[in-house]
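Structure record follows, encoded as structure tokens.
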Amino acid sequence: MSDHQTRILCVDDERNVLRALERIFIDDDYEILTAASGEEGLELLNASPQVQVVISDFRMPGMNGVEFLKEVFKSHPETIRIVLSGYADTAAVVAAINEGKIYKFIPKPWNDDELRVTVAKALEHFATQRRNEQLAEELRRKTDELRELNADLARRAASCSCGFMQEHASLAHAALILDHLPFGVLALNGDGIVLQMNREAADLLQVADGQLVGRRLAEALPQFADLGDGFSAAAPGSGTVETGGFRLNLRQFHPPGDGAVELLVTIARAA
């Protein structure tokens, strides 16, 4: 199987529903995997190469759809999860959507064209997540390289009378590179206070260059207020959140010297 193959896992205890889902995507270049229960779906998911989208019925014997998708999120958080359900289940499903980190709820009976559009958007969402993760990793590598370069320049500067000017020039060069990155970057201290931001972040957030520096991000921008302590050193080492129309990738790092923990945030518009 190709590593670039698009795979969709469909889970429903009714065989005719699974056949209907297969027919919907027969003209698309997708590999459709099917399972008749949540337990079988988890086994298939764990045994298969990358599965981008999981579609599950809500009402199934044993493990229901939301319980199944909660387990999918634990073991394969990168997948995009969609739940199908009859109208009678709507209130129960909507109440449980956050438990399974569900991307979309689609009522039965569904419209074939709308379902195909939803899956296409889900795949775009998956691709955007992957690109953001790759950009964040590239930024981390570049940040490490710049830090090593600055440390080397600082050592060289210390051995000559013009050391201060050399270090200043290297820092200015690093700031220039940061401003030319094609995505928003913020650096926060352990209290969620902005230490640095690049020009793309200012443009995305519609603030002046440097306007947020020295301020708590969650307080300065109302669209991020609901994250609260998510912007702090006590937050997980890395993760992705969506809020206020933006997708944020958060990663802890340890600047050399003082042992403090800071938070690197990359910003893009949510898909």
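In the structure tokens, the first chain shown is A, the next is B, and so on; residue numbers restart at 1 for each chain, and ligands run from 1 in the order shown.
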Find the residues around A:Glu200 up to 9 Å (only C-alpha atoms counted), leave out those fewer than 3 positions away in its own chain, and share them as a list of chain:residue names.
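Listed by chain and then number, they are A:Asp179, A:His180, A:Leu181, A:Pro182, A:Phe183, A:Gly184, A:Val185, A:Met197, A:Asp203, A:Leu204, A:Leu205, A:Ile267.
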Would you write out those residues with C-alpha atoms, as a CSV table (one decimal), in the first residue's frame?
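Contents of selection-v7.csv, freshly written:
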```
chain,number,residue,atom,x,y,z
A,179,ASP,CA,10.2,38.5,10.5
A,180,HIS,CA,10.5,36.8,7.1
A,181,LEU,CA,9.0,33.4,8.2
A,182,PRO,CA,5.7,32.7,6.3
A,183,PHE,CA,3.7,32.0,9.5
A,184,GLY,CA,3.1,33.8,12.8
A,185,VAL,CA,5.4,33.2,15.7
A,197,MET,CA,6.5,38.3,18.1
A,203,ASP,CA,-0.6,40.8,10.7
A,204,LEU,CA,-2.7,37.7,11.5
A,205,LEU,CA,-3.8,39.1,14.9
A,267,ILE,CA,-0.2,30.8,14.4
```
Report as a Markdown table: every residue of stretch 58-127 of chain A with an atom at most 12 Å from stretch 4-21 of chain A, its closest pair of atoms, and their distance in Å to one decimal, counting only C-alpha atoms, with rows sorted by chain and ascending residue number.
```
| residue | atom | partner | partner_atom | distance |
| --- | --- | --- | --- | --- |
| A:Phe58 | CA | A:Asp12 | CA | 8.3 |
| A:Arg59 | CA | A:Asp12 | CA | 8.4 |
| A:Met60 | CA | A:Asp13 | CA | 6.0 |
| A:Pro61 | CA | A:Asp13 | CA | 7.6 |
| A:Gly62 | CA | A:Asp13 | CA | 10.3 |
| A:Met63 | CA | A:Asp13 | CA | 10.8 |
| A:Asn64 | CA | A:Asp12 | CA | 9.7 |
| A:Gly65 | CA | A:Val11 | CA | 8.3 |
| A:Val66 | CA | A:Val11 | CA | 11.6 |
| A:Phe68 | CA | A:Val11 | CA | 9.4 |
| A:Leu69 | CA | A:Val11 | CA | 10.3 |
| A:Val72 | CA | A:Leu9 | CA | 11.1 |
| A:Thr79 | CA | A:Ile8 | CA | 9.7 |
| A:Ile80 | CA | A:Ile8 | CA | 9.6 |
| A:Arg81 | CA | A:Leu9 | CA | 9.7 |
| A:Ile82 | CA | A:Cys10 | CA | 9.5 |
| A:Val83 | CA | A:Val11 | CA | 9.5 |
| A:Leu84 | CA | A:Asp12 | CA | 9.1 |
| A:Ser85 | CA | A:Asp12 | CA | 10.4 |
| A:Lys108 | CA | A:Val17 | CA | 10.5 |
| A:Pro109 | CA | A:Val17 | CA | 10.3 |
| A:Trp110 | CA | A:Leu21 | CA | 10.3 |
| A:Asn111 | CA | A:Leu21 | CA | 11.2 |
| A:Asp112 | CA | A:Leu21 | CA | 8.7 |
| A:Asp113 | CA | A:Leu21 | CA | 11.7 |
| A:Leu115 | CA | A:Leu21 | CA | 9.4 |
| A:Arg116 | CA | A:Leu21 | CA | 9.8 |
| A:Val119 | CA | A:Ile8 | CA | 9.0 |
| A:Ala120 | CA | A:Thr6 | CA | 10.8 |
| A:Ala122 | CA | A:Ile8 | CA | 10.6 |
| A:Leu123 | CA | A:Thr6 | CA | 8.5 |
| A:Glu124 | CA | A:Thr6 | CA | 11.4 |
| A:Phe126 | CA | A:Thr6 | CA | 10.7 |
| A:Ala127 | CA | A:Thr6 | CA | 10.8 |
```
Export of prior selection with N, CA, C and O atoms as a CSV table (one decimal), in the first residue's frame:
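What landed in part-v1.csv:
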```
chain,number,residue,atom,x,y,z
A,58,PHE,N,-23.4,6.3,15.5
A,58,PHE,CA,-23.5,6.6,17.0
A,58,PHE,C,-24.1,5.4,17.7
A,58,PHE,O,-23.5,4.9,18.7
A,59,ARG,N,-25.2,4.9,17.3
A,59,ARG,CA,-25.8,3.7,18.0
A,59,ARG,C,-25.3,2.4,17.4
A,59,ARG,O,-25.6,2.0,16.3
A,60,MET,N,-24.5,1.7,18.3
A,60,MET,CA,-24.0,0.4,17.9
A,60,MET,C,-24.0,-0.4,19.2
A,60,MET,O,-23.9,0.1,20.3
A,61,PRO,N,-24.2,-1.7,19.1
A,61,PRO,CA,-24.1,-2.6,20.3
A,61,PRO,C,-22.7,-2.5,20.9
A,61,PRO,O,-21.7,-2.4,20.3
A,62,GLY,N,-22.7,-2.6,22.2
A,62,GLY,CA,-21.5,-2.5,23.0
A,62,GLY,C,-20.9,-1.1,23.0
A,62,GLY,O,-21.6,-0.2,23.5
A,63,MET,N,-19.8,-0.9,22.4
A,63,MET,CA,-19.2,0.4,22.4
A,63,MET,C,-19.9,1.3,21.4
A,63,MET,O,-20.0,1.0,20.2
A,64,ASN,N,-20.5,2.5,21.8
A,64,ASN,CA,-21.2,3.3,20.9
A,64,ASN,C,-20.2,4.2,20.1
A,64,ASN,O,-19.0,4.2,20.4
A,65,GLY,N,-20.7,5.0,19.2
A,65,GLY,CA,-19.8,5.8,18.3
A,65,GLY,C,-19.0,6.8,19.0
A,65,GLY,O,-17.8,6.9,18.7
A,66,VAL,N,-19.5,7.5,20.0
A,66,VAL,CA,-18.7,8.5,20.7
A,66,VAL,C,-17.6,7.8,21.6
A,66,VAL,O,-16.5,8.3,21.6
A,68,PHE,N,-16.3,4.9,20.9
A,68,PHE,CA,-15.3,4.5,20.0
A,68,PHE,C,-14.3,5.6,19.5
A,68,PHE,O,-13.1,5.5,19.5
A,69,LEU,N,-14.9,6.8,19.2
A,69,LEU,CA,-14.1,7.9,18.7
A,69,LEU,C,-13.2,8.5,19.8
A,69,LEU,O,-12.2,9.0,19.5
A,72,VAL,N,-10.3,6.3,19.6
A,72,VAL,CA,-9.6,6.7,18.4
A,72,VAL,C,-8.7,7.9,18.7
A,72,VAL,O,-7.5,8.0,18.3
A,79,THR,N,-6.2,11.7,13.4
A,79,THR,CA,-7.3,11.4,12.5
A,79,THR,C,-8.5,12.4,12.7
A,79,THR,O,-8.7,13.1,13.7
A,80,ILE,N,-9.2,12.6,11.6
A,80,ILE,CA,-10.4,13.5,11.6
A,80,ILE,C,-11.6,12.6,11.9
A,80,ILE,O,-11.8,11.6,11.1
A,81,ARG,N,-12.4,12.9,12.9
A,81,ARG,CA,-13.5,12.0,13.3
A,81,ARG,C,-14.9,12.5,13.0
A,81,ARG,O,-15.1,13.7,13.4
A,82,ILE,N,-15.7,11.7,12.4
A,82,ILE,CA,-17.0,12.1,12.0
A,82,ILE,C,-18.0,11.1,12.6
A,82,ILE,O,-17.8,9.9,12.5
A,83,VAL,N,-19.2,11.6,13.1
A,83,VAL,CA,-20.2,10.6,13.7
A,83,VAL,C,-21.5,10.8,12.9
A,83,VAL,O,-21.9,11.9,12.5
A,84,LEU,N,-22.1,9.6,12.6
A,84,LEU,CA,-23.4,9.6,11.9
A,84,LEU,C,-24.4,9.2,13.0
A,84,LEU,O,-24.2,8.4,13.8
A,85,SER,N,-25.7,9.7,12.9
A,85,SER,CA,-26.7,9.4,13.8
A,85,SER,C,-28.1,9.8,13.3
A,85,SER,O,-28.2,10.7,12.5
A,108,LYS,N,-28.6,11.1,10.1
A,108,LYS,CA,-29.1,10.2,9.1
A,108,LYS,C,-30.6,10.5,8.9
A,108,LYS,O,-31.3,10.9,9.9
A,109,PRO,N,-31.1,10.3,7.7
A,109,PRO,CA,-30.4,9.9,6.5
A,109,PRO,C,-29.6,11.0,6.0
A,109,PRO,O,-30.0,12.2,6.0
A,110,TRP,N,-28.4,10.8,5.5
A,110,TRP,CA,-27.5,11.8,5.0
A,110,TRP,C,-27.8,12.1,3.5
A,110,TRP,O,-28.3,11.3,2.8
A,111,ASN,N,-27.3,13.2,3.1
A,111,ASN,CA,-27.3,13.6,1.6
A,111,ASN,C,-25.9,13.2,1.1
A,111,ASN,O,-24.9,13.6,1.6
A,112,ASP,N,-25.9,12.4,0.1
A,112,ASP,CA,-24.6,11.8,-0.4
A,112,ASP,C,-23.6,12.9,-0.8
A,112,ASP,O,-22.4,12.9,-0.5
A,113,ASP,N,-24.1,14.0,-1.5
A,113,ASP,CA,-23.2,15.0,-2.0
A,113,ASP,C,-22.7,15.8,-0.8
A,113,ASP,O,-21.5,16.2,-0.7
A,115,LEU,N,-22.2,14.7,2.2
A,115,LEU,CA,-21.3,13.8,2.9
A,115,LEU,C,-19.9,13.8,2.2
A,115,LEU,O,-18.9,13.9,2.9
A,116,ARG,N,-19.9,13.8,0.9
A,116,ARG,CA,-18.7,13.8,0.1
A,116,ARG,C,-18.0,15.1,0.4
A,116,ARG,O,-16.7,15.1,0.5
A,119,VAL,N,-16.4,15.1,3.8
A,119,VAL,CA,-15.1,14.3,3.9
A,119,VAL,C,-14.0,15.0,3.2
A,119,VAL,O,-12.9,15.0,3.6
A,120,ALA,N,-14.3,15.7,2.1
A,120,ALA,CA,-13.2,16.4,1.3
A,120,ALA,C,-12.7,17.5,2.2
A,120,ALA,O,-11.4,17.7,2.3
A,122,ALA,N,-12.7,17.5,5.5
A,122,ALA,CA,-12.0,16.8,6.6
A,122,ALA,C,-10.6,16.5,6.1
A,122,ALA,O,-9.6,16.6,6.9
A,123,LEU,N,-10.5,16.0,4.9
A,123,LEU,CA,-9.1,15.7,4.4
A,123,LEU,C,-8.3,16.9,4.2
A,123,LEU,O,-7.1,16.9,4.5
A,124,GLU,N,-8.9,18.0,3.8
A,124,GLU,CA,-8.1,19.3,3.8
A,124,GLU,C,-7.7,19.7,5.2
A,124,GLU,O,-6.5,20.2,5.4
A,126,PHE,N,-7.1,17.7,7.7
A,126,PHE,CA,-6.0,16.8,8.0
A,126,PHE,C,-4.7,17.2,7.4
A,126,PHE,O,-3.6,17.3,8.1
A,127,ALA,N,-4.7,17.6,6.1
A,127,ALA,CA,-3.5,18.1,5.4
A,127,ALA,C,-3.0,19.4,6.0
A,127,ALA,O,-1.8,19.5,6.2
```
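Distance annotation: of A:Thr118, A:Thr240, A:Asn150, A:Ser56, the residue with the minimal separation from A:Glu133 is A:Thr240; atom set is only C-alpha atoms.
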Residues within 7 Å of A:Gln196, only C-alpha atoms, excluding chain neighbours under 3 positions, as a PyMOL selection string:
chain A and resi 186-187+213
Same residues, all heavy atoms, saved as a compact mmCIF listing (two decimals), in the first residue's frame:
```txt
# COMPACT_ATOMS: atom_id res chain seq x y z
N LEU A 186 5.07 33.49 18.10
CA LEU A 186 5.11 34.20 19.38
C LEU A 186 5.97 33.39 20.35
O LEU A 186 5.93 32.17 20.33
CB LEU A 186 3.71 34.35 19.98
CG LEU A 186 2.68 35.23 19.24
CD1 LEU A 186 1.30 35.04 19.86
CD2 LEU A 186 3.09 36.68 19.32
N ALA A 187 6.71 34.09 21.19
CA ALA A 187 7.44 33.44 22.28
C ALA A 187 6.88 34.00 23.59
O ALA A 187 6.78 35.21 23.76
CB ALA A 187 8.94 33.70 22.18
N VAL A 213 4.03 42.63 23.04
CA VAL A 213 5.23 42.33 23.85
C VAL A 213 5.09 42.95 25.24
O VAL A 213 4.74 44.12 25.40
CB VAL A 213 6.50 42.85 23.15
CG1 VAL A 213 7.72 42.65 24.05
CG2 VAL A 213 6.70 42.12 21.82
```
Counting only C-alpha atoms, the residue among A:Glu31, A:Glu71, A:Pro107, A:Glu145 that lies closest to A:Asn46 is A:Glu71
Option closest in space to A:Pro255, from A:Ala268, A:Val207, A:Leu176, A:Ala151 [counting only C-alpha atoms]:
A:Ala151
So, counting only C-alpha atoms, which residue among A:His76, A:Thr266, A:Ile26, A:Leu178 is closest to A:Gln134?
A:Thr266
For atom CA of A:Arg155 and atom CA of A:Arg140, quote the distance in Å rounded to one decimal.
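Straight-line distance from atom CA of A:Arg155 to atom CA of A:Arg140 works out to 22.5 Å.
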Looking only at strand (DSSP E or B) from DSSP on the backbone, list the matching residues of stretch 99-215 of chain A as a list in words.
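Residues meeting the strand (DSSP E or B) criterion: Lys104, Phe105, Ile106, Pro107, Lys108, Gly184, Val185, Leu186, Ala187, Leu188, Ile193, Val194, Leu195, Gln196 and Met197 of chain A.
Atom CA of A:Thr243 is found 28.8 Å from atom CA of A:Leu45.
For the set A:Arg156, A:Phe25, A:Gly244, A:His125, the residue with the smallest atom-to-atom gap to A:Pro222 is A:Gly244, counting only C-alpha atoms.
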By how many Å are atom CA of A:Leu135 and atom CA of A:Glu148 apart?
19.8 Å
